[in-house]
Structures are given as C-alpha cells and as structure tokens.
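Novice: Once you've had a glance at the structure underneath, I'll fire off some questions.
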2 protein chains.
Amino acid sequence: MAIQIFDTLSRQKQSAFPGAQGRVGMYLCGPTVYGDAHLGNAKTAVAFDVVRRWIEYRGHRVRFVSNVTDVGHITEDALDEGRDRIAERAALERVEPMEIADRFFWKYFDEMGQLNVRRPDVTPRASGHIPQQIELVEELLTRGLAYEADGSVYFRVAAWPGYGKLSRRVIDELAIGTRELAKCSKSDPRDFALWKRAEPSHVQRWKSPWGEGFPGWHLECSAMSLQYLGEGFDIHAGGLDLQFPHHEAEIAQAEGAGRRFSRLWMHGNMLTVNGEKMSRSKGNFITLEAFYAEHDPLLLRFLFVQSHYRATAEVSEETLRAASSGLRRLRDLRRELARRAGGAPPGHAEALEARLAAGRTAFEAAMDDDFDTPAALASLFMLARDLQAALAGPVPEGTIRHALELVVSLGEGVLGLLPPERDAPDAERFDRVIGLLLAERAQHRAGRDYARADALRAGLAAAGIEIEDGPDGVRWTISS
Amino acid sequence: MAIQIFDTLSRQKQSAFPGAQGRVGMYLCGPTVYGDAHLGNAKTAVAFDVVRRWIEYRGHRVRFVSNVTDVGHITEDALDEGRDRIAERAALERVEPMEIADRFFWKYFDEMGQLNVRRPDVTPRASGHIPQQIELVEELLTRGLAYEADGSVYFRVAAWPGYGKLSRRVIDELAIGTRELAKCSKSDPRDFALWKRAEPSHVQRWKSPWGEGFPGWHLECSAMSLQYLGEGFDIHAGGLDLQFPHHEAEIAQAEGAGRRFSRLWMHGNMLTVNGEKMSRSKGNFITLEAFYAEHDPLLLRFLFVQSHYRATAEVSEETLRAASSGLRRLRDLRRELARRAGGAPPGHAEALEARLAAGRTAFEAAMDDDFDTPAALASLFMLARDLQAALAGPVPEGTIRHALELVVSLGEGVLGLLPPERDAPDAERFDRVIGLLLAERAQHRAGRDYARADALRAGLAAAGIEIEDGPDGVRWTISS
C-alpha cells in the first residue's frame with residue numbers, strides 16, 4: 001500500500017509518491033535562531049522526523065532539507081523599521097549578530113538531538129544564500145510582480161491571483177485584517193517585503209541592486225527549497241502557524257517567478273499546556289531547556305507521537321505521567337527481550353511469529369494512512385501486551401530475536417522512542433553488580449536471615465532500585 | 001604577568017594583549033568538510049581550544065571564529081580543472097554537494113565535542129559568504145594585484161612585495177618549486193586563484209562579474225576573519241601545514257586590499273604515529289572515528305596537552321598508555337576530593353592552602369609563557385601528588401573544597417581534561433550499589449566467612465571492578 005498524505009493545499013489525502021523514483025524531496029521550515037527553542041518547536045520537529053523515518057521505512061531515499069533563519073525574521077512590532085529579531089538580541093548583548101545566531105543554532109540542534117530528532121541532510125542558512133535570494137527578487141521584478149520603494153522591494157499581492165490558495169483566504173478581505181503601517185513604503189498593506197533597506201545601524205547587510213539591505217523572511221524558503229530540492233519537489237512541511245502568511249508568500253514568490261513549487265503541503269498542529277494554548281503572555285510558555293531540567297526528553301517525544309500530527313497535543317502532569325508509563329513499558333519490553341535472547345532454546349514459535357507479522361501489518365496500515373501515529377502506537381502496545389504474556393512461559397530464541405527486531409524497528413527506527421541506551425557497557429556492568437546483590441539477598445533468605453535480606457532491599461531502594469519477587473524470580477527496576 | 005605568545009610572523013614571543021579592552025579576536029582555520037576528521041585535525045583543535053580557554057582564564061572575553069570550508073578547496077591534482085574536493089565526493093555518491101558538506105560538518109563537531117573542544121562563537125561557511133569574497137576580489141582587481149584570465153581571477157604574486165613574509169620564502173625561488181601547469185590560464189605559476197570559472201558539470205557555482213564560478217580556497221579566510229573580527233584582530237591560528245601557501249595567501253589578499261590583518265600568527269605543529277609522520281600513503285593515517293572505536297577520546301586530548309603546541313606529539317601504544325595513567329590519576333584525585341568533601345571536619349589547613357596557591361602560581365606561569373601546557377601539566381601533577389599524600393590523613397573540609405575547585409579550574413576549565421562525568425545521577429547510584437556490596441563483604445569478613453567474601457570479590461572482578469584493601473578502608477576502581 002502506498003503512503004497517503006493529507007495535503008493542506010487540496011484539503012484531501014493524496015497518494016504520496018505514485019511513481020517516485022530516486023529521492024523524495026522534503027522541506028521543513030526550521031528555527032529562527034535568536035532564542036531558546038520551546039515545546040512547540042519540538043512538536044513540529046518530532047512530527048516531521050517521524051514522517052521522514054516512515055517514508056524511508058517504505059523504501060524511499062529522502063533528501064530532508066530544513067532551513068535556519070539567521071537574518072531577516074522581522075518582528076511584528078518592528079515591521080516598519082526593518083529591525084529583525086537576531087539583530088535586536090545582538091544589540092542587547094553587544095555582540096556580533098552571527099554570534100547569537102550560532103549560539104542558538106547549536107543549542108537548537110543539541111536539544112533536538114535529545115529528542116532523537118535526526119539532523120537534516122542539508123541545513124541551509126538564510127545569510128548563506130543572499131545571491132540566490134537577490135536573483136529571485138530580480139525575477140519577480142522582471143515579471144511585474146514586485147516593485148521597489150525607498151530601497152526596499154515588495155511583492156505585489158494584487159498582481160498574483162494565486163495568493164490565498166493555501167490558506168483559502170480571500171485576498172480582498174485581507175486588507176481589513178492587516179494593520180495599516182503609516183511609516184511603511186508599501187503601496188498596498190497586503191504586500192510583503194522581499195528585500196528590506198538596511199538602516200545605518202543595521203549590522204547584517206548586503207549590497208543589492210536596490211542598495212544595502214537584507215532579505216525578507218519569506219524569501220529564503222522559496223530560494224533554498226528550490227536550490228536543494230529542485231522544482232516540483234515532493235513535500236513542504238511546517239507548523240500550522242506558518243501557513244499564513246509565510247507559506248502563502250513562499251508559493252507566491254516561487255510560482256510567481258515561474259517555478260513549480262512543492263507538490264504536497266503538510267502542516268503540524270500546535271499544542272496546549274494544561275488545556276491552554278502556549279504563549280509568552282499567558283505565562284505557560286515552556287522552553288526545552290526548562291522541560292529537560294525536569295523530565296526525560298523522550299517523554300515529550302512519546303507524548304507527541306501519541307497524538308496525530310494534525311491534532312493538538314496536550315502537555316500536562318497527567319499526559320506526561322501517561323507518557324512516562326508508556327515509555328517505560330516499551331523500554332522494559334526491549335530490555336526483557338534482549339536479556340532473554342541469550343539463553344533461550346533454539347527454534348521458532350509459529351503462533352507468536354504470526355502475531356508479530358499481524359502486529360507489523362497493523363502498524364504499517366496506520367502509518368500509511370497519513371502517519372497515524374496514535375493508531376500505530378496502539379497496535380505496538382497491543383503487540384507488547386501479547387509478547388509480555390508469552391514471555392511468562394518459554395519462548396524459543398529465534399522468535400525472541402524476531403520480536404526484538406520488530407520492537408526496535410518500529411519503536412526506534414520509525415517512532416524514535418527507543419534509542420540505544422547510553423553507556424551500554426556500563427549498563428551491563430550495572431546489571432552484573434545488581435545480580436551479585438540479589439544473589440547475596442537470596443542467600444540470606446535461604447539462611448533465613450531475613451533481617452539482612454530486608455536491609456539489602458532497603459539499601460537498594462535508597463539507591464532508587466526497586467526489587468519485586470515474582471514466580472519467575474526477582475525483577476528489579478530503577479524507580480527514579 | 002601578561003600572556004606571551006610566540007608569533008610566527010616576527011619569530012619571537014610577544015606580549016599578547018598590551019592594552020586589550022573588550023574582546024580578543026581569534027581566528028582558526030577549520031575543517032574542509034569532505035571527509036572524516038583525523039588525529040591531525042584533533043591536535044590543532046585541542047591546541048587552540050586550550051589557548052582560547054587560557055585567554056579567558058586571564059580575564060579576557062574572546063570571540064573565537066573558525067571557518068568551515070564547504071566549497072572551493074581544490075585538490076592538488078585537479079588544480080587545472082578547477083574540481084574541488086567536496087564536488088568530487090558528491091559526484092561519487094550522486095548527492096547534492098551540500099549534503100556531503102553538512103554530513104561531515106556535523107560529524108566533525110560531534111567528534112570535536114568528544115574531545116571536549118568547545119564550539120566556536122562563529123562558524124562561518126565559505127558558501128555562505130560569496131558576496132563578501134567577490135567584493136574582496138574586485139578590490140584586488142582595482143588595485144592591480146589581480147587579473148582575470150578565462151573566467152578565473154588570479155592574485156599576481158610578483159606585484160605584492162609582502163608575499164613570503166610569513167613563511168620566509170623568497171618568492172623568486174618559489175617558481176622553481178611550483179609545478180608548471182600547462183592547461184592553466186595563470187600568467188605566473190606562483191600566482192594563486194581568487195576565483196575559479198565553473199565548468200558546466202560543476203554544481204556549486206555562483207554568478208560573478210567574471211561569469212559563473214566559485215571562490216578559491218584561500219579567499220574565504222581573509223574575507224570571513226575580517227568580517228567577524230574586524231581589521232587588526234589579535235590572533236590568526238592554524239596548523240603548520242597551512243603556513244604556506246594558505247596563510248601567506250590570506251595575508252596577501254587582506255593586506256593587498258588595504259586592510260590591516262591579524263596582529264599575531266600562531267601555528268600548531270603536526271604529529272607522528274609510531275615515530276613517523278601520519279599520511280595516507282604510509283598507511284598510518286588514523287581517523288577520529290577509528291581512534292574513538294578503541295580509545296577514550298580524552299586520552300588523545302591528554303596526549304596533546306602533554307606536549308607543547310609548537311612541538312610534535314607522538315601517538316603510539318606507549319604514549320597512549322602513559323596518557324591513560326595520567327588521566328586516571330587526575331580523575332581519581334577529583335573523585336577522591338569530591339567524596340571527602342562531604343564528611344570532613346570544618347576549617348582550613350594552612351600549609352596545604354599555601355601549597356595550593358603555589359601550585360596555581362606555577363601553573364599560571366607556565367601557561368602565560370606561550371601556553372606551555374607540558375610544564376603546566378607537570379605542576380598540576382606535582383600538586384596532585386602532594387594532595388594525595390595529604391589525603392592519607394585528615395584534611396579539613398574548607399581546604400578539600402579549595403583543592404577540588406583548583407583541580408577542576410585548571411584540569412577542566414583550562415586544560416579540558418576533566419569534563420563532568422556523564423550520567424552523574426547514575427554514577428552516584430552505582431557508587432551506592434557498590435557500597436552495599438562492600439558492606440556485605442565486610443560483614444562476611446567480620447563473621448570470618450572468607451569464602452563468601454572472596455566470592456564477592458571475584459564476582460566484582462568479573463564485572464570489571466577491582467577492590468583493594470588499604471589502611472583507610474577499601475578502595476575500588478573500574479578496571480576496564
């Protein structure tokens with residue numbers, strides 16, 4: 001079965017790669033590197049990391065391009081003065097703007113790495129593609145879709161009939177919703193900047209046919225996606241908040257210049273924190289740094305994967321607790337399978353093998369249907385439950401290995417929830433040391449020295465290790 | 001005392017920052033991202049990471065800029081055809097050249113991170129600074145120091161009398177040492193390319209006043225160091241192999257265009273492997289990936305720090321063994337101090353405090369003298385020996401804390417040899433679990449059950465943990 005993708009442009013599911021040969025080209029709008037990444041950035045990044053992994057699982061090679069905005073992201077309040085966010089922060093800290101950009105560039109990718117989000121194949125930076133952006137502006141000027149005013153260049157929205165087709169806004173109504181900017185040189189408030197004149201104090205500036213300036217924010221994504229993916233590439237993705245005006249402007253810039261742009265558009269939904277939209281003004285704005293200081297980053301990934309990328313995800317103590325227990329079940333299963341793989345008798349258990357195959361099929365069907373991760377995860381958990389039940393008895397080695405491969409392939413390869421545990425040799429050493437302690441305790445119990453046995457259990461509990469006596473022996477877990 | 005730096009240009013030690021106010025600007029030639037980093041890259045990176053840390057230790061703010069060459073590094077054998085290394089590798093793998101560049105970009109910085117090398121403040125990429133490079137070429141053309149030939153632009157070495165002053169080569173003799181290139185459009189074999197015409201097959205290409213092409217390799221470092229550090233910046237650093245022609249060309253490009261260039265030049269020496277220069281042809285070429293597969297990356301850092309940056313460093317089983325034991329001594333000392341800090345009696349031990357102060361002074365004097373890390377490390381080890389001796393008896397808590405701070409400040413803050421151990425909570429848990437086992441063993445011994453005590457010791461040894469009974473109790477170490 002082919003992957004079906006809900007395309008925002010046509011508002012329906014499309015067969016994704018009908019005759020795809022070679023690479024699938026995918027572009028994701030990345031971060032503006034002027035400050036800390038937050039939970040919303042993480043949701044978008046995780047959503048399309050899973051999409052990328054699934055397309056690869058289905059046998060395609062993906063070229064995943066995601067940009068970094070290190071110049072030109074103009075704050076709403078400063079539109080008329082042409083200040084941009086990075087320059088503002090740099091002025092505040094009296095440093096080179098690129099120092100700010102680089103600091104948050106590294107921080108962003110470090111934090112995404114902790115979420116097990118894979119790095120893009122190409123990470124183009126806006127400041128690194130000025131000539132390409134200037135060329136695109138020149139093309140739009142030639143075609144009469146742009147005009148220069150006072151050293152800046154604007155896209156003439158009224159001259160391009162396609163404007164509004166992605167967000168399905170009626171452009172005649174847009175003027176009403178757009179604040180009139182007295183100081184601005186635009187001839188129509190709906191028009192957007194392709195190139196901004198640099199004021200004398202502006203550090204990030206380049207020569208252009210219109211004087212020294214810097215690119216408008218929307219421009220880079222049209223120029224860089226086309227450069228690294230070619231015309232008519234497969235998927236353009238981003239957060240829902242970018243649909244208008246950013247993505248609308250991207251289409252106008254690219255198609256206005258006569259280039260075929262992205263075939264499919266995907267948008268990830270936002271999140272809520274304790275039931276409310278996250279925002280700085282509401283005081284529920286959470287950076288990844290703050291989140292990671294209190295929680296395992298993969299809890300967040302689990303929580304996002306549990307909801308569909310087109311749905312909102314709720315972050316609260318309750319959903320995090322549920323994520324924690326879900327993640328632990330998957331990790332325990334993987335660990336248990338890895339432990340059992342060694343000593344089991346050879347051979348295969350046919351009924352269980354059939355169960356594995358059915359589990360994989362259910363998972364695949366869910367993912368093929370517009371990346372339905374909640375359904376895929378549910379099928380993985382049903383499989384996990386059946387596997388745990390089967391592991392109460394003897395299971396032959398071949399089947400244990402198949403089960404382990406399947407859990408790792410789907411849980412880590414596709415969903416990214418089970419990265420290899422760090423310091424594997426140390427983990428093994430730890431297991432052996434715990435094993436020695438449990439043997440000590442068993443000897444105390446055998447010798448009816450329950451006081452010492454209980455003292456050992458208490459000592460382990462104090463170190464955060466819980467032991468549990470069961471019919472198949474003692475199990476231990478790290479409780480904190 | 002002020003820092004003295006051996007300046008390659010003047011061939012003598014210079015007072016580094018006589019009236020430095022504000023930032024110290026430092027530029028280091030970084031990697032060409034077309035393949036795996038090797039031990040030589042690591043030596044250079046560690047050398048100037050320590051230099052940067054020491055300048056900061058002395059109270060200066062440093063802006064550390066280090067470039068990434070992602071276009072234009074022309075291979076020697078392909079000079080005449082204008083092929084570059086990244087494009088060659090990309091053609092081989094049928095991918096976008098920027099995909100190769102980005103892959104090795106991330107790998108390089110991941111591997112440097114494992115060496116505890118801090119990231120630059122700004123990491124400019126050659127492909128991201130094309131307009132700035134074109135501007136510099138135009139300036140050199142205007143000044144008659146460059147000429148266009150067949151779509152390429154060359155620097156006219158004979159027209160700039162300063163050429164050769166860094167490497168102290170006599171330029172009239174250079175022609176003899178330079179291979180005559182029949183197909184090349186240069187008018188003098190000593191001239192070097194500022195801009196190369198792109199052949200039709202060349203993917204990385206930009207428009208320029210001379211047609212489509214790409215910058216010569218030397219050009220980026222002149223343009224980007226001046227852009228991010230300003231004229232007359234403090235230090236330009238790099239490996240000794242870059243002194244000629246790369247650094248010589250950088251000076252010619254910058255000063256030829258009328259800009260004051262770097263005030264001081266620093267060059268790190270190369271390394272030997274088993275007594276021989278490392279080279280691909282000798283078969284002793286070692287990538288960091290290969291090294292890390294077998295060794296703790298910090299062994300390499302320790303080994304480099306043990307020799308002066310202007311001396312060669314020898315990598316062999318023997319020097320690695322020595323590094324391993326040295327590193328372990330420092331780690332043991334830090335761990336011991338951290339353990340003892342909790343339970344010690346309050347107060348300070350004056351004699352030991354004086355010893356700490358003397359140790360710091362000796363370390364500082366060595367580092368101020370052109371970053372004499374071997375001498376600094378030797379003074380740290382003498383201090384470590386005295387501290388270990390003192391720790392055999394009681395030491396008050398205040399002094400233990402001072403000692404710990406000093407060891408961390410010099411050993412980690414300056415030399416970068418003692419980064420916080422990963423998974424600190426797990427390490428603590430591990431310590432507690434081992435503590436429980438040692439208590440069990442002590443009880444067996446107290447009960448004269450030597451068989452069980454010895455079985456525990458054997459079990460720990462099997463898990464790679466050695467225990468040693470001493471006068472102050474039992475010590476344990478991880479042996480593998």
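In the structure tokens, each chain is lettered A, B, ... as it comes, each chain's residues begin at 1, and ligands are numbered from 1 in order of appearance.
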Per residue of chain A within 7 Å of chain B, what are the shortest atom pair and its distance in Å to one decimal, counting only C-alpha atoms, with rows by chain and residue number, as a tab-separated table?

Specialist:
```
residue	atom	partner	partner_atom	distance
A:Met98	CA	B:Val122	CA	6.3
A:Glu99	CA	B:Val122	CA	5.3
A:Asp102	CA	B:Val122	CA	5.9
A:Arg103	CA	B:Asp121	CA	6.9
A:Asp121	CA	B:Glu99	CA	5.5
A:Val122	CA	B:Glu99	CA	5.3
A:Ser127	CA	B:Gly128	CA	6.4
A:Gly128	CA	B:Gly128	CA	3.3
A:His129	CA	B:Gly128	CA	6.2
A:Arg429	CA	B:Ala463	CA	5.6
A:Arg432	CA	B:Ala463	CA	6.2
A:Val433	CA	B:Leu460	CA	6.9
A:Leu436	CA	B:Gly459	CA	6.9
A:Leu437	CA	B:Leu437	CA	6.5
A:Gly459	CA	B:Leu436	CA	6.9
A:Leu460	CA	B:Val433	CA	6.9
A:Ala463	CA	B:Arg429	CA	5.5
```

Novice: Need to verify the contact set: A:Ser324, 12 Å, only C-alpha atoms, exclusion of same-chain residues closer than 6 positions in sequence. Can you return it as a list in words?

Specialist: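 In the requested form, the answer reads His295, Asp296, Pro297, Leu298, Leu299, Leu300, Arg301, Phe302, Leu303, Gln306, Glu317, Glu318, Leu330, Arg331, Asp332, Leu417, Ser479 and Ser480 of chain A.
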
Novice: How would the residues just chosen look if you wrote them out with N, CA and C atoms as a PDB file, in the first residue's frame?

Specialist:
```pdb
ATOM      1  N   HIS A 295      12.418  16.681  33.109  1.00  0.00           N
ATOM      2  CA  HIS A 295      11.884  15.456  32.527  1.00  0.00           C
ATOM      3  C   HIS A 295      12.848  14.851  31.516  1.00  0.00           C
ATOM      4  N   ASP A 296      12.691  13.550  31.331  1.00  0.00           N
ATOM      5  CA  ASP A 296      13.353  12.850  30.240  1.00  0.00           C
ATOM      6  C   ASP A 296      12.824  13.428  28.919  1.00  0.00           C
ATOM      7  N   PRO A 297      13.712  13.927  28.035  1.00  0.00           N
ATOM      8  CA  PRO A 297      13.234  14.499  26.775  1.00  0.00           C
ATOM      9  C   PRO A 297      12.330  13.553  25.977  1.00  0.00           C
ATOM     10  N   LEU A 298      12.582  12.248  26.102  1.00  0.00           N
ATOM     11  CA  LEU A 298      11.800  11.319  25.289  1.00  0.00           C
ATOM     12  C   LEU A 298      10.344  11.199  25.741  1.00  0.00           C
ATOM     13  N   LEU A 299      10.056  11.657  26.955  1.00  0.00           N
ATOM     14  CA  LEU A 299       8.650  11.729  27.372  1.00  0.00           C
ATOM     15  C   LEU A 299       7.880  12.638  26.430  1.00  0.00           C
ATOM     16  N   LEU A 300       8.539  13.729  26.069  1.00  0.00           N
ATOM     17  CA  LEU A 300       7.899  14.700  25.189  1.00  0.00           C
ATOM     18  C   LEU A 300       7.672  14.080  23.815  1.00  0.00           C
ATOM     19  N   ARG A 301       8.672  13.370  23.344  1.00  0.00           N
ATOM     20  CA  ARG A 301       8.520  12.719  22.039  1.00  0.00           C
ATOM     21  C   ARG A 301       7.383  11.706  22.083  1.00  0.00           C
ATOM     22  N   PHE A 302       7.343  10.927  23.162  1.00  0.00           N
ATOM     23  CA  PHE A 302       6.289   9.934  23.298  1.00  0.00           C
ATOM     24  C   PHE A 302       4.924  10.604  23.272  1.00  0.00           C
ATOM     25  N   LEU A 303       4.827  11.687  24.022  1.00  0.00           N
ATOM     26  CA  LEU A 303       3.562  12.409  24.123  1.00  0.00           C
ATOM     27  C   LEU A 303       3.123  12.945  22.754  1.00  0.00           C
ATOM     28  N   GLN A 306       1.963  10.132  20.490  1.00  0.00           N
ATOM     29  CA  GLN A 306       0.667   9.592  20.908  1.00  0.00           C
ATOM     30  C   GLN A 306      -0.515  10.342  20.292  1.00  0.00           C
ATOM     31  N   GLU A 317       0.748  17.495  33.625  1.00  0.00           N
ATOM     32  CA  GLU A 317       1.288  16.463  34.513  1.00  0.00           C
ATOM     33  C   GLU A 317       0.688  15.112  34.163  1.00  0.00           C
ATOM     34  N   GLU A 318      -0.615  15.130  33.861  1.00  0.00           N
ATOM     35  CA  GLU A 318      -1.304  13.878  33.609  1.00  0.00           C
ATOM     36  C   GLU A 318      -0.822  13.198  32.329  1.00  0.00           C
ATOM     37  N   LEU A 330       7.601   0.128  26.984  1.00  0.00           N
ATOM     38  CA  LEU A 330       8.368  -0.211  25.776  1.00  0.00           C
ATOM     39  C   LEU A 330       9.820  -0.531  26.116  1.00  0.00           C
ATOM     40  N   ARG A 331      10.396   0.279  26.987  1.00  0.00           N
ATOM     41  CA  ARG A 331      11.799   0.027  27.357  1.00  0.00           C
ATOM     42  C   ARG A 331      11.949  -1.301  28.085  1.00  0.00           C
ATOM     43  N   ASP A 332      11.008  -1.572  29.001  1.00  0.00           N
ATOM     44  CA  ASP A 332      11.078  -2.843  29.732  1.00  0.00           C
ATOM     45  C   ASP A 332      10.984  -4.017  28.772  1.00  0.00           C
ATOM     46  N   LEU A 417      11.528   6.213  19.620  1.00  0.00           N
ATOM     47  CA  LEU A 417      11.287   6.250  21.067  1.00  0.00           C
ATOM     48  C   LEU A 417      12.271   5.408  21.868  1.00  0.00           C
ATOM     49  N   SER A 479      13.728   3.143  39.899  1.00  0.00           N
ATOM     50  CA  SER A 479      12.469   3.838  40.167  1.00  0.00           C
ATOM     51  C   SER A 479      12.563   5.334  39.923  1.00  0.00           C
ATOM     52  N   SER A 480      13.765   5.873  39.867  1.00  0.00           N
ATOM     53  CA  SER A 480      13.832   7.334  39.672  1.00  0.00           C
ATOM     54  C   SER A 480      14.979   7.683  38.743  1.00  0.00           C
TER      55      SER A 480
END
```

Novice: Skipping near chain neighbours, those fewer than 5 positions away, what residues fall within 10 Å of stretch 345-361 of chain B using only C-alpha atoms, listed as a ChimeraX atom specification?

Specialist: /B:340,366-367,376,379-384,386-387,390,394-403,406-407,409-410

Novice: Write down as a ChimeraX atom specification the residues of stretch 139-380 of chain B whose backbone DSSP state falls under alpha helix (DSSP H).

Specialist: /B:139-142,171-177,219-229,248-256,288-294,297-305,317-343,350-368,373-380

Novice: I need the residues in stretch 154-381 of chain B that are strand (DSSP E or B) according to DSSP; give them as a short mmCIF file (atom, residue, chain, number, x, y, z; two decimals) with N, CA and C atoms, in the first residue's frame.

Specialist:
```cif
data_model
loop_
_atom_site.label_atom_id
_atom_site.label_comp_id
_atom_site.auth_asym_id
_atom_site.auth_seq_id
_atom_site.Cartn_x
_atom_site.Cartn_y
_atom_site.Cartn_z
N TYR B 154 43.16 35.63 -10.74
CA TYR B 154 44.34 35.18 -10.00
C TYR B 154 44.99 36.35 -9.27
N PHE B 155 45.60 36.06 -8.14
CA PHE B 155 46.39 37.06 -7.43
C PHE B 155 47.77 37.10 -8.08
N PHE B 192 48.05 32.58 -7.46
CA PHE B 192 47.04 31.64 -6.96
C PHE B 192 45.65 32.16 -7.29
N ALA B 193 44.69 31.21 -7.35
CA ALA B 193 43.34 31.54 -7.79
C ALA B 193 42.56 32.25 -6.68
N LEU B 194 41.93 33.36 -7.03
CA LEU B 194 40.98 34.02 -6.15
C LEU B 194 39.56 33.55 -6.49
N TRP B 195 39.33 33.33 -7.76
CA TRP B 195 38.02 32.91 -8.25
C TRP B 195 38.24 31.96 -9.41
N LYS B 196 37.50 30.88 -9.43
CA LYS B 196 37.67 29.89 -10.50
C LYS B 196 36.41 29.81 -11.35
N ARG B 197 36.58 29.79 -12.65
CA ARG B 197 35.44 29.57 -13.54
C ARG B 197 34.88 28.16 -13.30
N TRP B 206 28.33 30.19 -8.56
CA TRP B 206 27.65 31.45 -8.29
C TRP B 206 27.96 32.43 -9.42
N PRO B 209 31.10 38.87 -11.53
CA PRO B 209 31.42 39.76 -12.67
C PRO B 209 32.24 39.04 -13.74
N GLY B 211 31.67 35.82 -14.76
CA GLY B 211 30.94 34.63 -15.17
C GLY B 211 30.68 33.72 -13.98
N GLY B 213 31.13 30.86 -11.32
CA GLY B 213 32.31 30.22 -10.78
C GLY B 213 32.19 30.03 -9.28
N PHE B 214 33.33 29.87 -8.66
CA PHE B 214 33.34 29.66 -7.21
C PHE B 214 34.67 30.18 -6.66
N PRO B 215 34.70 30.50 -5.36
CA PRO B 215 35.89 31.15 -4.82
C PRO B 215 37.07 30.19 -4.67
N ILE B 235 44.62 37.40 16.90
CA ILE B 235 45.35 36.15 16.65
C ILE B 235 44.76 35.42 15.45
N HIS B 236 45.63 35.03 14.54
CA HIS B 236 45.23 34.09 13.49
C HIS B 236 45.99 32.80 13.75
N ALA B 237 45.26 31.69 13.83
CA ALA B 237 45.88 30.42 14.18
C ALA B 237 45.56 29.35 13.15
N GLY B 238 46.39 28.32 13.14
CA GLY B 238 46.14 27.21 12.23
C GLY B 238 47.26 26.18 12.35
N GLY B 239 47.12 25.10 11.63
CA GLY B 239 48.15 24.07 11.61
C GLY B 239 49.35 24.55 10.80
N LEU B 264 48.94 38.83 15.37
CA LEU B 264 49.81 37.71 15.75
C LEU B 264 49.42 36.46 14.97
N TRP B 265 50.42 35.65 14.67
CA TRP B 265 50.16 34.38 13.98
C TRP B 265 50.65 33.23 14.84
N MET B 266 49.78 32.24 15.02
CA MET B 266 50.17 31.06 15.80
C MET B 266 50.00 29.81 14.94
N HIS B 267 50.97 28.92 15.03
CA HIS B 267 50.91 27.68 14.26
C HIS B 267 51.14 26.48 15.16
N GLY B 268 50.26 25.53 15.07
CA GLY B 268 50.40 24.29 15.83
C GLY B 268 51.16 23.27 15.00
N LEU B 271 51.78 15.85 14.10
CA LEU B 271 52.00 14.72 14.99
C LEU B 271 52.68 13.59 14.25
N THR B 272 53.22 12.67 15.03
CA THR B 272 53.79 11.46 14.45
C THR B 272 53.03 10.26 15.03
N VAL B 273 52.94 9.20 14.23
CA VAL B 273 52.33 7.96 14.68
C VAL B 273 53.43 6.91 14.64
N GLU B 276 56.53 8.12 12.93
CA GLU B 276 56.51 8.60 11.54
C GLU B 276 55.41 9.62 11.34
N LYS B 277 55.64 10.51 10.39
CA LYS B 277 54.61 11.47 10.03
C LYS B 277 53.36 10.69 9.56
N THR B 287 41.76 8.06 11.48
CA THR B 287 40.62 8.97 11.65
C THR B 287 40.20 8.97 13.13
N ALA B 313 53.65 15.88 18.49
CA ALA B 313 53.18 14.93 19.50
C ALA B 313 53.27 13.54 18.90
N GLU B 314 53.67 12.61 19.71
CA GLU B 314 53.82 11.24 19.23
C GLU B 314 52.66 10.39 19.75
N VAL B 315 51.97 9.73 18.81
CA VAL B 315 50.88 8.83 19.17
C VAL B 315 51.35 7.40 18.98
N ASP B 369 53.57 31.64 29.59
CA ASP B 369 54.74 31.57 28.73
C ASP B 369 54.41 30.79 27.46
#
```

Novice: One number please: atom CA of B:Ala341 to atom CA of B:Gly473, in Å, one decimal.

Specialist: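 Distance reported for this atom pair: 16.9 Å.
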
Novice: Need to verify the contact set: B:Thr373, 12 Å, only C-alpha atoms, exclusion of same-chain residues closer than 2 positions in sequence. Can you return it as number ranges by chain?

Specialist: B: 46-48, 50-51, 54, 301-311, 362-371, 375-380, 410-411, 414-416

Novice: Could you tell me how far atom CA of B:Arg52 sits from atom CA of B:Glu405, in Å to one decimal place?

Specialist: 20.2 Å

Novice: Have a look at A:Ile467, A:Ile251, A:Ala442, A:Ile134 and name the one nearest to A:Tyr163; count only C-alpha atoms.

Specialist: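 Of the candidates, the smallest distance to A:Tyr163 is held by A:Ile251.
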
Novice: Which polymer residues have any atom within 9 Å of an atom of B:Val157, counting only C-alpha atoms, with same-chain residues fewer than 2 positions away left out, as number ranges by chain?

Specialist: B: 145-146, 154-155, 159-163, 171, 188, 190-192, 249, 252

Novice: Would you save the residues of that selection, restricted to C-alpha atoms, as a short mmCIF file (atom, residue, chain, number, x, y, z; two decimals), in the first residue's frame?

Specialist:
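As written to disk, result02.cif reads:
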```
data_model
loop_
_atom_site.label_atom_id
_atom_site.label_comp_id
_atom_site.auth_asym_id
_atom_site.auth_seq_id
_atom_site.Cartn_x
_atom_site.Cartn_y
_atom_site.Cartn_z
CA LEU B 145 47.04 42.98 -7.64
CA ALA B 146 44.83 40.55 -9.53
CA TYR B 154 44.34 35.18 -10.00
CA PHE B 155 46.39 37.06 -7.43
CA ALA B 159 53.06 42.61 -7.74
CA TRP B 160 52.81 42.37 -3.95
CA PRO B 161 56.18 42.66 -2.19
CA GLY B 162 54.92 41.27 1.13
CA TYR B 163 54.38 37.80 -0.28
CA ILE B 171 59.37 34.40 -3.88
CA ASP B 188 52.92 33.16 -13.48
CA ARG B 190 53.33 31.36 -8.37
CA ASP B 191 50.00 33.14 -8.74
CA PHE B 192 47.04 31.64 -6.96
CA ALA B 249 47.88 33.99 0.53
CA ALA B 252 48.39 38.94 0.57
#
```
